[in-house]
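K.L.:
You'll find target.txt just under this line, and it carries compact mmCIF, C-alpha atoms.
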# COMPACT_ATOMS: atom_id res chain seq x y z
CA MET A 1 74.34 72.44 113.64
CA GLU A 2 77.57 72.17 115.63
CA MET A 3 78.06 69.59 118.36
CA GLU A 4 78.66 72.09 121.14
CA GLU A 5 75.36 73.90 120.57
CA LYS A 6 73.17 70.77 120.81
CA ASN A 7 71.14 70.23 123.92
CA ILE A 8 69.53 66.78 123.73
CA LEU A 9 70.69 65.11 120.54
CA CYS A 10 74.23 64.32 119.46
CA ASN A 11 75.16 63.27 115.95
CA SER A 12 77.09 60.05 115.65
CA VAL A 13 78.93 60.52 112.40
CA VAL A 14 80.11 56.93 112.32
CA ALA A 15 76.60 55.51 112.57
CA HIS A 16 75.01 58.36 110.55
CA ASN A 17 72.14 58.61 112.96
CA PHE A 18 71.00 60.57 116.00
CA GLU A 19 70.98 59.13 119.47
CA GLU A 20 69.18 60.49 122.48
CA VAL A 21 71.51 61.23 125.36
CA CYS A 22 71.07 62.45 128.88
CA PRO A 23 71.02 66.27 128.90
CA GLU A 24 73.41 66.34 131.86
CA LYS A 25 76.10 64.72 129.68
CA VAL A 26 75.98 67.42 127.02
CA ILE A 27 78.59 70.14 127.42
CA LYS A 28 77.14 73.62 127.07
CA PHE A 29 79.29 76.65 126.41
CA LYS A 30 78.31 80.14 127.55
CA PRO A 31 78.51 82.07 125.31
CA PRO A 32 77.99 79.40 122.61
CA LEU A 33 81.27 78.23 121.09
CA TYR A 34 80.69 79.85 117.70
CA LYS A 35 80.18 83.21 119.42
CA GLN A 36 83.42 82.75 121.33
CA ARG A 37 85.25 82.14 118.05
CA TYR A 38 83.76 85.27 116.51
CA GLN A 39 84.57 87.30 119.61
CA PHE A 40 88.18 86.16 119.35
CA VAL A 41 88.35 87.64 115.84
CA ARG A 42 86.61 90.83 116.98
CA ASP A 43 89.16 91.27 119.77
CA LEU A 44 91.96 90.96 117.21
CA VAL A 45 90.32 93.60 115.06
CA ASP A 46 90.03 95.88 118.07
CA ARG A 47 93.74 95.51 118.81
CA HIS A 48 95.20 95.62 115.30
CA ARG A 49 92.68 97.80 113.41
CA PRO A 50 92.98 96.16 109.98
CA LYS A 51 91.67 98.01 106.93
CA LYS A 52 91.16 95.01 104.63
CA VAL A 53 89.67 91.79 106.03
CA ALA A 54 88.60 88.58 104.27
CA ASP A 55 86.76 85.60 105.76
CA LEU A 56 87.39 82.38 103.84
CA GLY A 57 84.56 79.88 104.18
CA CYS A 58 82.24 82.67 105.33
CA GLY A 59 79.11 80.48 105.17
CA ASP A 60 76.08 82.38 106.46
CA THR A 61 78.16 85.61 106.68
CA GLU A 62 77.53 86.04 110.41
CA LEU A 63 81.15 86.93 111.16
CA LEU A 64 81.10 89.52 108.37
CA ARG A 65 77.97 91.07 109.85
CA LEU A 66 79.78 91.48 113.15
CA LEU A 67 82.88 92.96 111.53
CA LYS A 68 81.19 95.50 109.28
CA ILE A 69 80.52 97.80 112.23
CA TYR A 70 84.24 98.39 112.86
CA PRO A 71 85.22 101.86 111.66
CA CYS A 72 88.78 100.81 110.77
CA ILE A 73 87.66 98.27 108.15
CA GLN A 74 87.31 99.67 104.64
CA LEU A 75 87.16 96.45 102.60
CA LEU A 76 85.36 93.34 103.85
CA VAL A 77 85.30 90.19 101.72
CA GLY A 78 83.69 86.79 102.17
CA VAL A 79 84.49 83.69 100.10
CA ASP A 80 82.53 80.45 100.11
CA ILE A 81 81.97 77.43 97.89
CA ASP A 82 78.22 77.42 98.62
CA VAL A 83 76.71 79.96 96.23
CA GLU A 84 73.18 79.51 97.60
CA LYS A 85 74.29 80.51 101.10
CA LEU A 86 75.94 83.62 99.73
CA GLN A 87 72.91 84.59 97.66
CA SER A 88 70.49 84.09 100.55
CA ASN A 89 72.58 85.97 103.12
CA GLY A 90 73.97 88.87 101.13
CA HIS A 91 71.13 91.19 102.08
CA HIS A 92 72.17 90.94 105.75
CA LEU A 93 75.25 92.95 104.83
CA SER A 94 73.35 95.88 103.33
CA PRO A 95 73.54 99.28 105.07
CA TYR A 96 70.71 100.09 107.46
CA LEU A 97 68.75 103.33 107.28
CA GLY A 98 70.60 104.63 110.33
CA GLU A 99 73.91 104.24 108.48
CA PHE A 100 72.71 106.80 105.95
CA VAL A 101 71.55 109.19 108.66
CA LYS A 102 74.83 108.82 110.55
CA PRO A 103 77.40 107.63 107.99
CA ARG A 104 80.80 106.17 108.73
CA ASP A 105 83.92 108.31 108.64
CA LEU A 106 85.63 106.01 106.11
CA ASP A 107 84.36 104.15 103.06
CA LEU A 108 83.41 100.49 103.39
CA THR A 109 82.88 98.04 100.56
CA VAL A 110 81.55 94.54 101.30
CA THR A 111 81.82 91.82 98.65
CA LEU A 112 80.88 88.14 98.63
CA TYR A 113 82.69 85.83 96.20
CA HIS A 114 81.71 82.35 95.11
CA GLY A 115 84.78 80.17 94.79
CA SER A 116 87.17 77.73 96.41
CA VAL A 117 89.69 78.86 99.00
CA VAL A 118 92.40 76.91 97.14
CA GLU A 119 91.95 79.02 93.99
CA ARG A 120 94.05 82.12 93.44
CA ASP A 121 92.23 85.38 92.95
CA SER A 122 94.26 88.58 92.82
CA ARG A 123 91.44 90.64 94.33
CA LEU A 124 92.37 89.15 97.71
CA LEU A 125 95.99 90.28 97.56
CA GLY A 126 97.29 92.81 100.07
CA PHE A 127 94.88 92.11 102.93
CA ASP A 128 95.65 92.91 106.55
CA LEU A 129 93.72 89.98 108.00
CA ILE A 130 92.35 86.72 106.59
CA THR A 131 90.22 84.49 108.83
CA CYS A 132 89.60 80.78 108.33
CA ILE A 133 87.14 79.86 111.06
CA GLU A 134 86.36 76.13 111.21
CA LEU A 135 87.44 75.80 107.57
CA ILE A 136 90.45 73.54 107.08
CA GLU A 137 88.76 70.43 108.49
CA HIS A 138 86.33 70.59 105.53
CA LEU A 139 89.18 70.32 102.99
CA ASP A 140 90.14 66.98 101.44
CA SER A 141 93.79 65.97 101.37
CA ASP A 142 94.47 67.53 97.95
CA ASP A 143 92.87 70.85 98.86
CA LEU A 144 94.58 70.88 102.26
CA ALA A 145 97.93 70.46 100.50
CA ARG A 146 97.18 73.45 98.22
CA PHE A 147 95.75 75.63 100.97
CA PRO A 148 99.06 76.94 102.42
CA GLU A 149 100.48 77.76 98.99
CA VAL A 150 97.42 79.84 98.09
CA VAL A 151 96.63 81.54 101.43
CA PHE A 152 100.12 81.94 102.91
CA GLY A 153 102.20 82.00 99.74
CA TYR A 154 100.07 83.77 97.15
CA LEU A 155 97.66 85.93 99.20
CA SER A 156 100.27 86.47 101.93
CA PRO A 157 98.25 88.75 104.25
CA ALA A 158 99.77 90.45 107.29
CA MET A 159 97.81 88.18 109.65
CA ILE A 160 95.93 84.87 109.33
CA VAL A 161 93.64 83.31 111.94
CA ILE A 162 92.83 79.60 111.64
CA SER A 163 90.52 77.78 114.00
CA THR A 164 89.78 74.05 113.93
CA PRO A 165 88.29 71.45 116.30
CA ASN A 166 90.57 69.91 118.92
CA SER A 167 90.01 66.15 118.64
CA GLU A 168 91.31 65.61 122.18
CA PHE A 169 88.15 67.31 123.42
CA ASN A 170 85.84 64.97 121.51
CA PRO A 171 85.66 62.16 124.12
CA LEU A 172 83.90 64.65 126.39
CA PHE A 173 81.02 64.69 123.92
CA PRO A 174 78.67 61.68 123.98
CA THR A 175 78.68 59.37 120.92
CA VAL A 176 80.83 61.57 118.71
CA THR A 177 83.72 60.62 116.46
CA LEU A 178 83.75 63.69 114.22
CA ARG A 179 81.78 66.82 115.08
CA ASP A 180 80.30 67.28 111.62
CA ALA A 181 79.52 64.85 108.82
CA ASP A 182 81.44 67.04 106.34
CA HIS A 183 84.67 67.07 108.36
CA LYS A 184 87.44 65.21 106.55
CA PHE A 185 89.61 65.12 109.68
CA GLU A 186 89.96 66.58 113.16
CA TRP A 187 93.41 67.14 114.62
CA SER A 188 94.88 66.85 118.06
CA ARG A 189 96.83 69.80 119.38
CA VAL A 190 100.13 68.19 118.40
CA GLU A 191 98.89 67.50 114.86
CA PHE A 192 97.59 71.03 114.35
CA GLN A 193 100.65 72.67 115.83
CA THR A 194 103.02 70.51 113.78
CA TRP A 195 101.20 71.45 110.56
CA ALA A 196 100.97 75.11 111.53
CA LEU A 197 104.67 75.43 112.44
CA GLN A 198 105.71 73.82 109.16
CA VAL A 199 103.51 76.21 107.19
CA ALA A 200 104.69 79.22 109.18
CA ASN A 201 108.36 78.35 108.66
CA CYS A 202 107.84 77.77 104.95
CA TYR A 203 106.11 81.10 104.29
CA ASN A 204 107.86 83.47 106.72
CA TYR A 205 105.19 83.65 109.40
CA SER A 206 105.28 83.36 113.16
CA VAL A 207 102.43 81.54 114.89
CA GLU A 208 100.90 81.62 118.35
CA PHE A 209 98.49 78.98 119.63
CA THR A 210 95.45 79.51 121.79
CA GLY A 211 91.79 78.56 121.71
CA VAL A 212 88.26 79.04 122.97
CA GLY A 213 85.85 76.74 124.78
CA GLU A 214 87.23 75.93 128.20
CA PRO A 215 87.07 72.24 129.22
CA PRO A 216 85.02 71.29 132.28
CA VAL A 217 86.64 71.01 135.69
CA GLY A 218 88.73 67.86 135.91
CA ALA A 219 89.32 67.66 132.15
CA GLU A 220 91.75 70.54 131.74
CA HIS A 221 94.32 68.20 130.18
CA VAL A 222 92.35 68.02 126.90
CA GLY A 223 92.76 71.73 126.16
CA TYR A 224 90.36 74.09 124.44
CA CYS A 225 87.43 72.72 122.46
CA THR A 226 88.45 74.91 119.50
CA GLN A 227 92.16 75.37 118.86
CA ILE A 228 93.35 78.54 117.17
CA GLY A 229 96.54 79.55 115.41
CA VAL A 230 97.31 83.25 114.91
CA PHE A 231 99.89 83.72 112.14
CA ARG A 232 101.77 86.98 111.66
CA LYS A 233 104.00 87.75 108.71
CA THR A 234 107.60 88.16 109.86
CA SER A 235 108.90 89.69 106.62
CA GLY A 236 107.44 92.51 104.55
CA LYS A 237 108.83 90.89 101.42
CA ALA A 238 106.27 88.75 99.62
CA LEU A 239 107.33 85.39 98.24
CA GLU A 240 107.93 85.32 94.51
CA SER A 241 105.57 82.41 93.96
CA CYS A 242 103.46 83.89 91.20
CA SER A 243 103.98 85.65 87.92
CA SER A 244 102.67 89.09 87.01
CA GLU A 245 99.92 87.44 84.98
CA GLN A 246 98.69 85.62 88.09
CA HIS A 247 98.34 88.95 89.87
CA ASP A 248 95.50 89.77 87.49
CA GLN A 249 93.58 86.53 88.01
CA HIS A 250 89.87 86.93 88.73
CA VAL A 251 88.58 83.40 89.18
CA TYR A 252 85.95 84.09 91.83
CA LYS A 253 82.45 85.15 90.85
CA ALA A 254 81.10 88.18 92.71
CA VAL A 255 77.71 87.24 94.14
CA TYR A 256 77.00 90.37 96.16
CA THR A 257 78.62 93.75 96.72
CA THR A 258 77.60 96.93 98.50
CA THR A 259 79.20 100.23 99.42
CA TYR A 260 78.39 101.96 102.68
CA PRO A 261 77.71 105.70 102.93
CA SER A 262 80.63 107.59 104.44
CA LEU A 263 81.92 111.08 105.04
CA GLN A 264 84.52 110.47 102.34
CA GLN A 265 81.66 110.77 99.84
CA GLU A 266 80.87 114.38 98.93
CA LYS A 267 77.09 114.02 99.00
CA MET A 268 77.13 112.34 102.42
CA LEU A 269 79.54 114.89 103.87
CA LYS A 270 77.29 117.67 102.60
CA PHE A 271 74.17 116.00 104.03
CA VAL A 272 75.75 115.64 107.48
CA LEU A 273 77.33 119.10 107.50
CA VAL A 274 74.10 120.85 106.54
CA GLY A 275 72.24 118.98 109.25
CA GLU A 276 74.82 119.81 111.92
CA VAL A 277 74.97 123.47 110.85
CA LEU A 278 71.20 123.86 111.03
CA ILE A 279 71.03 122.21 114.45
CA GLN A 280 73.91 124.29 115.82
CA VAL A 281 72.55 127.55 114.43
CA ASP A 282 69.12 126.88 115.89
CA HIS A 283 70.63 126.08 119.30
CA LEU A 284 72.56 129.33 119.23
CA ARG A 285 69.50 131.29 118.08
CA LEU A 286 67.34 129.90 120.87
CA CYS A 287 70.08 130.52 123.44
CA HIS A 288 70.49 134.09 122.21
CA GLY A 289 66.75 134.69 122.37
CA ARG A 290 66.59 133.35 125.90
CA MET A 291 69.50 135.56 126.94
CA LEU A 292 67.78 138.63 125.48
CA ARG A 293 64.57 137.87 127.36
CA GLU A 294 66.41 137.41 130.65
CA ARG A 295 68.35 140.66 130.25
CA LYS A 296 65.21 142.50 129.24
CA LYS A 297 63.65 141.55 132.56
CA GLU A 298 66.74 142.81 134.41
CA VAL A 299 67.51 146.12 132.64
CA GLY A 300 64.33 146.96 130.78
CA PRO A 301 63.37 147.08 127.14
CA LYS A 302 66.31 149.20 125.94
CA LEU A 303 68.83 146.37 125.62
CA PRO A 304 70.41 146.71 122.17
CA THR A 305 69.88 143.69 119.93
CA THR A 306 73.48 143.97 118.74
CA ASP A 307 74.88 143.02 122.19
CA THR A 308 77.42 140.24 121.86
CA SER A 309 78.76 139.95 125.40
CA TRP A 310 77.58 136.39 125.90
CA ASN A 311 79.11 132.94 126.08
CA PRO A 312 77.02 130.57 123.99
CA HIS A 313 79.31 127.66 124.74
CA LEU A 314 77.88 127.81 128.26
CA LEU A 315 74.30 128.42 127.16
CA LEU A 316 74.27 125.37 124.92
CA GLY A 317 74.30 123.13 127.96
CA SER A 318 77.27 121.16 126.64
CA VAL A 319 80.44 120.33 128.50
CA PHE A 320 83.59 121.45 126.72
CA THR A 321 87.25 120.95 127.47
CA GLU A 322 89.38 123.98 128.20
CA ALA A 323 90.93 123.71 124.74
CA GLU A 324 87.47 123.66 123.15
CA LYS A 325 86.35 126.68 125.19
CA THR A 326 89.47 128.58 124.12
CA ARG A 327 88.82 127.73 120.48
CA ILE A 328 85.16 128.79 120.71
CA GLU A 329 85.88 132.02 122.56
CA GLY A 330 88.57 132.89 120.03
CA SER A 331 86.14 132.72 117.11
CA PRO A 332 83.78 135.51 115.90
CA LYS A 333 80.61 135.76 117.99
CA PRO A 334 77.06 135.42 116.67
CA PHE A 335 75.23 138.73 116.34
CA CYS A 336 71.89 140.26 115.41
CA GLU A 337 70.98 142.89 112.82
CA GLY A 338 67.34 143.81 113.10
CA ASP A 339 65.32 140.63 113.15
CA LYS A 340 68.11 138.55 111.59
CA PHE A 341 70.53 136.32 113.47
CA PHE A 342 74.03 135.77 112.09
CA VAL A 343 76.36 132.90 113.02
CA PRO A 344 79.87 133.19 111.51
CA LEU A 345 81.14 130.04 109.81
CA GLN A 346 84.32 130.27 111.84
CA ARG A 347 82.19 130.14 114.99
CA LEU A 348 80.37 127.05 113.76
CA LEU A 349 83.64 125.32 112.90
CA ALA A 350 84.91 126.00 116.42
CA TYR A 351 82.24 123.76 117.97
CA PRO A 352 83.33 120.11 118.43
CA LYS A 353 80.52 118.58 116.38
CA LEU A 354 81.65 120.50 113.31
CA HIS A 355 85.33 120.83 114.17
CA ARG A 356 85.72 117.04 113.99
CA PHE A 357 85.11 117.08 110.23
CA HIS A 358 88.35 119.02 109.67
CA VAL A 359 86.66 121.18 107.04
CA GLY A 360 87.93 124.71 106.44
CA GLU A 361 85.71 127.77 106.13
CA GLU A 362 85.92 127.91 102.35
CA ARG A 363 84.99 124.25 101.91
CA LEU A 364 82.16 124.51 104.44
CA ARG A 365 80.77 127.51 102.57
CA ALA A 366 80.91 125.62 99.25
CA LEU A 367 79.17 122.57 100.69
CA ILE A 368 76.28 124.37 102.42
CA ALA A 369 75.77 127.38 100.12
CA ASP A 370 72.80 125.92 98.23
CA SER A 371 71.12 124.59 101.39
CA VAL A 372 71.25 127.48 103.88
CA CYS A 373 71.03 131.29 103.71
CA LEU A 374 74.42 132.98 103.88
CA SER A 375 75.31 136.62 104.53
CA SER A 376 76.20 138.81 101.55
CA ASP A 377 79.92 138.13 102.00
CA GLY A 378 79.34 134.42 102.67
CA SER A 379 80.99 134.54 106.07
CA ALA A 380 77.93 133.68 108.21
CA VAL A 381 74.72 131.69 108.24
CA VAL A 382 71.66 133.95 108.47
CA VAL A 383 68.31 132.96 109.98
CA ASP A 384 65.30 134.79 111.41
CA LEU A 385 65.82 135.68 115.04
CA HIS A 386 62.29 134.58 115.89
CA ASN A 387 60.20 131.72 114.56
CA SER A 388 56.46 131.37 114.91
CA TRP A 389 56.89 128.10 116.80
CA ASP A 390 59.29 129.50 119.41
CA TYR A 391 58.15 129.29 123.01
CA ARG A 392 57.73 132.78 124.48
CA PRO A 393 56.69 132.65 128.13
CA GLU A 394 56.00 136.40 128.34
CA GLU A 395 53.13 135.98 125.88
CA ASN A 396 51.32 133.42 128.05
As structure tokens, what does this structure read like?
P.N.:
Amino acid sequence: MEMEEKNILCNSVVAHNFEEVCPEKVIKFKPPLYKQRYQFVRDLVDRHRPKKVADLGCGDTELLRLLKIYPCIQLLVGVDIDVEKLQSNGHHLSPYLGEFVKPRDLDLTVTLYHGSVVERDSRLLGFDLITCIELIEHLDSDDLARFPEVVFGYLSPAMIVISTPNSEFNPLFPTVTLRDADHKFEWSRVEFQTWALQVANCYNYSVEFTGVGEPPVGAEHVGYCTQIGVFRKTSGKALESCSSEQHDQHVYKAVYTTTYPSLQQEKMLKFVLVGEVLIQVDHLRLCHGRMLRERKKEVGPKLPTTDTSWNPHLLLGSVFTEAEKTRIEGSPKPFCEGDKFFVPLQRLLAYPKLHRFHVGEERLRALIADSVCLSSDGSAVVVDLHNSWDYRPEEN
């Protein structure tokens, strides 16, 4: 449990005991400080849209759970030294049922690795973003010395985010020396920034400093409770710090991996397309039937069933842009032959819900052919004009 989220008890690391303190003396953050840290990362993802993201020291995987919803991310990796945490939390990263019903546009693979952040594993090369949230303060002096060489030098991602406690804030907490019993150190802003600038200069990165957790009124001089460094690679050329053999190193043990359903997978694309086609065809069929009934009332029973002078884009009750209306109106119209209703594939592809898949007529036909009834030339979906469950007010 972190110091900032405690309400009544504060952990005195020096005395290794708990002391009761007055609730009014405990600083409370809204939202809680850990959520502010995660939101900071989420805002970065929103702005920079990385495809490959790794969280070093991922712990209970909560940050990964928040990041897996971002459509831009296609590879999400967590690394931690605590194998039991990884094993017990992996299932939280599994796809939900709704993610099969409405799959992502792009593939997503999520993997959890058991290992140390100061070990080199080539599977983490080439990432867009690596996060180290409240990690470095858990490293002993030897590991801290190796950390920059591995993360900045070997892995060398486009962006690195490091957060760590600001020790200048600690006097505002009652009876605290270090915020967690496992912390090996906690730096002041000068100490963190000195270390960060040295690392950035050594490995061709720029760094910007910020933080989360505003201090209370009157204590602004101590700075943020959590200090953050955002490192961006200034050169596209990776440092030649490792041999070709090291690029094939797999030292981490994969504890959990899962792949999310996406429209890049043929079976999922087919599943979604068939569903959208059936829904769209039924909407058009019902709209056409309603139009026929209304015209029958106006002009009598001799209205030909082959009449196509209608605008289904208006009857569907949807709001379309002018460009969408032009595209729809420029496509072949649905029509009837006897008691059969035909919807041309080109017409279906003109509607936004199907147009967004960027699938041509030939590919659409191939994907849906074994799931729907097509006309003899394969150019249209064919359904019965009337179904037994249709609502027909004139029969009541």
K.L.:
May I ask for the distance between CA of Glu191 in chain A and CA of Ser163 in chain A, given in Å to one decimal place?
P.N.:
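CA of Glu191 in chain A sits 13.3 Å away from CA of Ser163 in chain A.
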K.L.:
Measuring atom to atom with only C-alpha atoms, identify which of A:Arg356, A:Arg49, A:Arg179, A:His386 is nearest to Leu286 in chain A.
P.N.:
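Among the listed residues, A:His386 lies closest to Leu286 in chain A.
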K.L.:
Would you work out the distance separating CA of Ala219 in chain A from CA of Val190 in chain A, expressed in Å to one decimal?
P.N.:
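CA of Val190 in chain A lies 17.5 Å from CA of Ala219 in chain A.
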K.L.:
Under the rule of at most 12 Å, produce a per-residue listing of range 23-73 of chain A near range 150-153 of chain A: chain, number, name, the closest pair of atoms, and the distance in Å, as CSV, using all atoms listed in the file.
P.N.:
residue,atom,partner,partner_atom,distance
A:Ala54,CA,A:Val151,CA,11.1
A:Asp55,CA,A:Val151,CA,11.5
A:Leu56,CA,A:Val151,CA,9.6
K.L.:
Write the residues you've just listed into a file as a short mmCIF file (atom, residue, chain, number, x, y, z; two decimals), in the frame of the given file, and include C-alpha atoms for each of them.
P.N.:
data_model
loop_
_atom_site.label_atom_id
_atom_site.label_comp_id
_atom_site.auth_asym_id
_atom_site.auth_seq_id
_atom_site.Cartn_x
_atom_site.Cartn_y
_atom_site.Cartn_z
CA ALA A 54 88.60 88.58 104.27
CA ASP A 55 86.76 85.60 105.76
CA LEU A 56 87.39 82.38 103.84
#
K.L.:
Between CA of Ser375 in chain A and CA of Val343 in chain A, measure the distance and give it in Å to one decimal.
P.N.:
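So the two atoms, CA of Ser375 in chain A and CA of Val343 in chain A, lie 9.3 Å apart.
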K.L.:
Take every atom of range 201-220 of chain A listed in the file, fit an axis-aligned box around them, add 4 Å per side, and give the centre and edge lengths in Å to one decimal as lines of an AutoDock Vina configuration file.
P.N.:
center_x = 96.7
center_y = 75.7
center_z = 120.1
size_x = 31.3
size_y = 24.0
size_z = 39.6
K.L.:
Considering all atoms listed in the file, tabulate each residue of range 55-166 of chain A that lies at most 10 Å from range 39-44 of chain A along with its nearest interatomic pair and the corresponding distance in Å to one decimal; arrange the rows by chain and ascending residue number and present them as JSON lines.
P.N.:
{"residue": "A:Leu63", "atom": "CA", "partner": "A:Val41", "partner_atom": "CA", "distance": 8.6}
{"residue": "A:Leu66", "atom": "CA", "partner": "A:Arg42", "partner_atom": "CA", "distance": 7.9}
{"residue": "A:Leu67", "atom": "CA", "partner": "A:Arg42", "partner_atom": "CA", "distance": 6.9}
{"residue": "A:Tyr70", "atom": "CA", "partner": "A:Arg42", "partner_atom": "CA", "distance": 8.9}
{"residue": "A:Leu129", "atom": "CA", "partner": "A:Leu44", "partner_atom": "CA", "distance": 9.4}
{"residue": "A:Thr131", "atom": "CA", "partner": "A:Val41", "partner_atom": "CA", "distance": 7.9}
{"residue": "A:Ile133", "atom": "CA", "partner": "A:Val41", "partner_atom": "CA", "distance": 9.2}
{"residue": "A:Met159", "atom": "CA", "partner": "A:Leu44", "partner_atom": "CA", "distance": 10.0}
{"residue": "A:Val161", "atom": "CA", "partner": "A:Val41", "partner_atom": "CA", "distance": 7.9}
K.L.:
With all atoms listed in the file as the atoms that count, which of A:Gly330, A:Pro352, A:Pro95, A:Gly229 lies nearest to Tyr205 in chain A?
P.N.:
A:Gly229
K.L.:
May I ask which of the residues A:Ile69, A:Met291, A:Thr326, A:Pro31 is the closest one to Asp46 in chain A, counting all atoms listed in the file?
P.N.:
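The answer is A:Ile69, which sits nearest to Asp46 in chain A.
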K.L.:
At a cut-off of 10 Å, using all atoms listed in the file, what residues contact Ser235 in chain A? Leave out same-chain residues fewer than 4 positions from it and give the result as a list in words.
P.N.:
Ala158, Tyr203, Asn204, Tyr205, Ser206 and Leu239 of chain A
K.L.:
Please reconstruct the missing atoms of range 107-120 of chain A (target: N, CA, C and O atoms) and return them as a PDB file, in the frame of the given file.
P.N.:
ATOM      1  N   ASP A 107      85.094 105.026 103.976  1.00  0.00           N
ATOM      2  CA  ASP A 107      84.360 104.150 103.060  1.00  0.00           C
ATOM      3  C   ASP A 107      84.438 102.699 103.514  1.00  0.00           C
ATOM      4  O   ASP A 107      85.418 102.274 104.143  1.00  0.00           O
ATOM      5  N   LEU A 108      83.413 101.934 103.178  1.00  0.00           N
ATOM      6  CA  LEU A 108      83.410 100.490 103.390  1.00  0.00           C
ATOM      7  C   LEU A 108      82.740  99.819 102.213  1.00  0.00           C
ATOM      8  O   LEU A 108      81.610 100.157 101.862  1.00  0.00           O
ATOM      9  N   THR A 109      83.450  98.873 101.615  1.00  0.00           N
ATOM     10  CA  THR A 109      82.880  98.040 100.560  1.00  0.00           C
ATOM     11  C   THR A 109      82.853  96.598 101.052  1.00  0.00           C
ATOM     12  O   THR A 109      83.852  96.102 101.590  1.00  0.00           O
ATOM     13  N   VAL A 110      81.711  95.944 100.908  1.00  0.00           N
ATOM     14  CA  VAL A 110      81.550  94.540 101.300  1.00  0.00           C
ATOM     15  C   VAL A 110      81.249  93.732 100.044  1.00  0.00           C
ATOM     16  O   VAL A 110      80.340  94.083  99.278  1.00  0.00           O
ATOM     17  N   THR A 111      82.004  92.656  99.832  1.00  0.00           N
ATOM     18  CA  THR A 111      81.820  91.820  98.650  1.00  0.00           C
ATOM     19  C   THR A 111      81.830  90.350  99.043  1.00  0.00           C
ATOM     20  O   THR A 111      82.656  89.925  99.868  1.00  0.00           O
ATOM     21  N   LEU A 112      80.917  89.588  98.456  1.00  0.00           N
ATOM     22  CA  LEU A 112      80.880  88.140  98.630  1.00  0.00           C
ATOM     23  C   LEU A 112      81.268  87.485  97.306  1.00  0.00           C
ATOM     24  O   LEU A 112      80.711  87.817  96.258  1.00  0.00           O
ATOM     25  N   TYR A 113      82.227  86.556  97.380  1.00  0.00           N
ATOM     26  CA  TYR A 113      82.690  85.830  96.200  1.00  0.00           C
ATOM     27  C   TYR A 113      82.347  84.357  96.314  1.00  0.00           C
ATOM     28  O   TYR A 113      82.505  83.753  97.386  1.00  0.00           O
ATOM     29  N   HIS A 114      81.896  83.788  95.201  1.00  0.00           N
ATOM     30  CA  HIS A 114      81.710  82.350  95.110  1.00  0.00           C
ATOM     31  C   HIS A 114      82.972  81.738  94.534  1.00  0.00           C
ATOM     32  O   HIS A 114      83.420  82.116  93.443  1.00  0.00           O
ATOM     33  N   GLY A 115      83.565  80.819  95.284  1.00  0.00           N
ATOM     34  CA  GLY A 115      84.780  80.170  94.790  1.00  0.00           C
ATOM     35  C   GLY A 115      85.414  79.317  95.876  1.00  0.00           C
ATOM     36  O   GLY A 115      84.972  79.297  97.022  1.00  0.00           O
ATOM     37  N   SER A 116      86.457  78.612  95.491  1.00  0.00           N
ATOM     38  CA  SER A 116      87.170  77.730  96.410  1.00  0.00           C
ATOM     39  C   SER A 116      88.344  78.475  97.042  1.00  0.00           C
ATOM     40  O   SER A 116      89.023  79.271  96.379  1.00  0.00           O
ATOM     41  N   VAL A 117      88.599  78.191  98.300  1.00  0.00           N
ATOM     42  CA  VAL A 117      89.690  78.860  99.000  1.00  0.00           C
ATOM     43  C   VAL A 117      91.053  78.394  98.509  1.00  0.00           C
ATOM     44  O   VAL A 117      92.078  78.989  98.875  1.00  0.00           O
ATOM     45  N   VAL A 118      91.112  77.362  97.679  1.00  0.00           N
ATOM     46  CA  VAL A 118      92.400  76.910  97.140  1.00  0.00           C
ATOM     47  C   VAL A 118      92.591  77.393  95.708  1.00  0.00           C
ATOM     48  O   VAL A 118      93.476  76.923  94.999  1.00  0.00           O
ATOM     49  N   GLU A 119      91.750  78.350  95.277  1.00  0.00           N
ATOM     50  CA  GLU A 119      91.950  79.020  93.990  1.00  0.00           C
ATOM     51  C   GLU A 119      92.553  80.392  94.227  1.00  0.00           C
ATOM     52  O   GLU A 119      92.243  81.057  95.205  1.00  0.00           O
ATOM     53  N   ARG A 120      93.389  80.823  93.313  1.00  0.00           N
ATOM     54  CA  ARG A 120      94.050  82.120  93.440  1.00  0.00           C
ATOM     55  C   ARG A 120      93.216  83.202  92.760  1.00  0.00           C
ATOM     56  O   ARG A 120      92.870  83.087  91.597  1.00  0.00           O
TER      57      ARG A 120
END
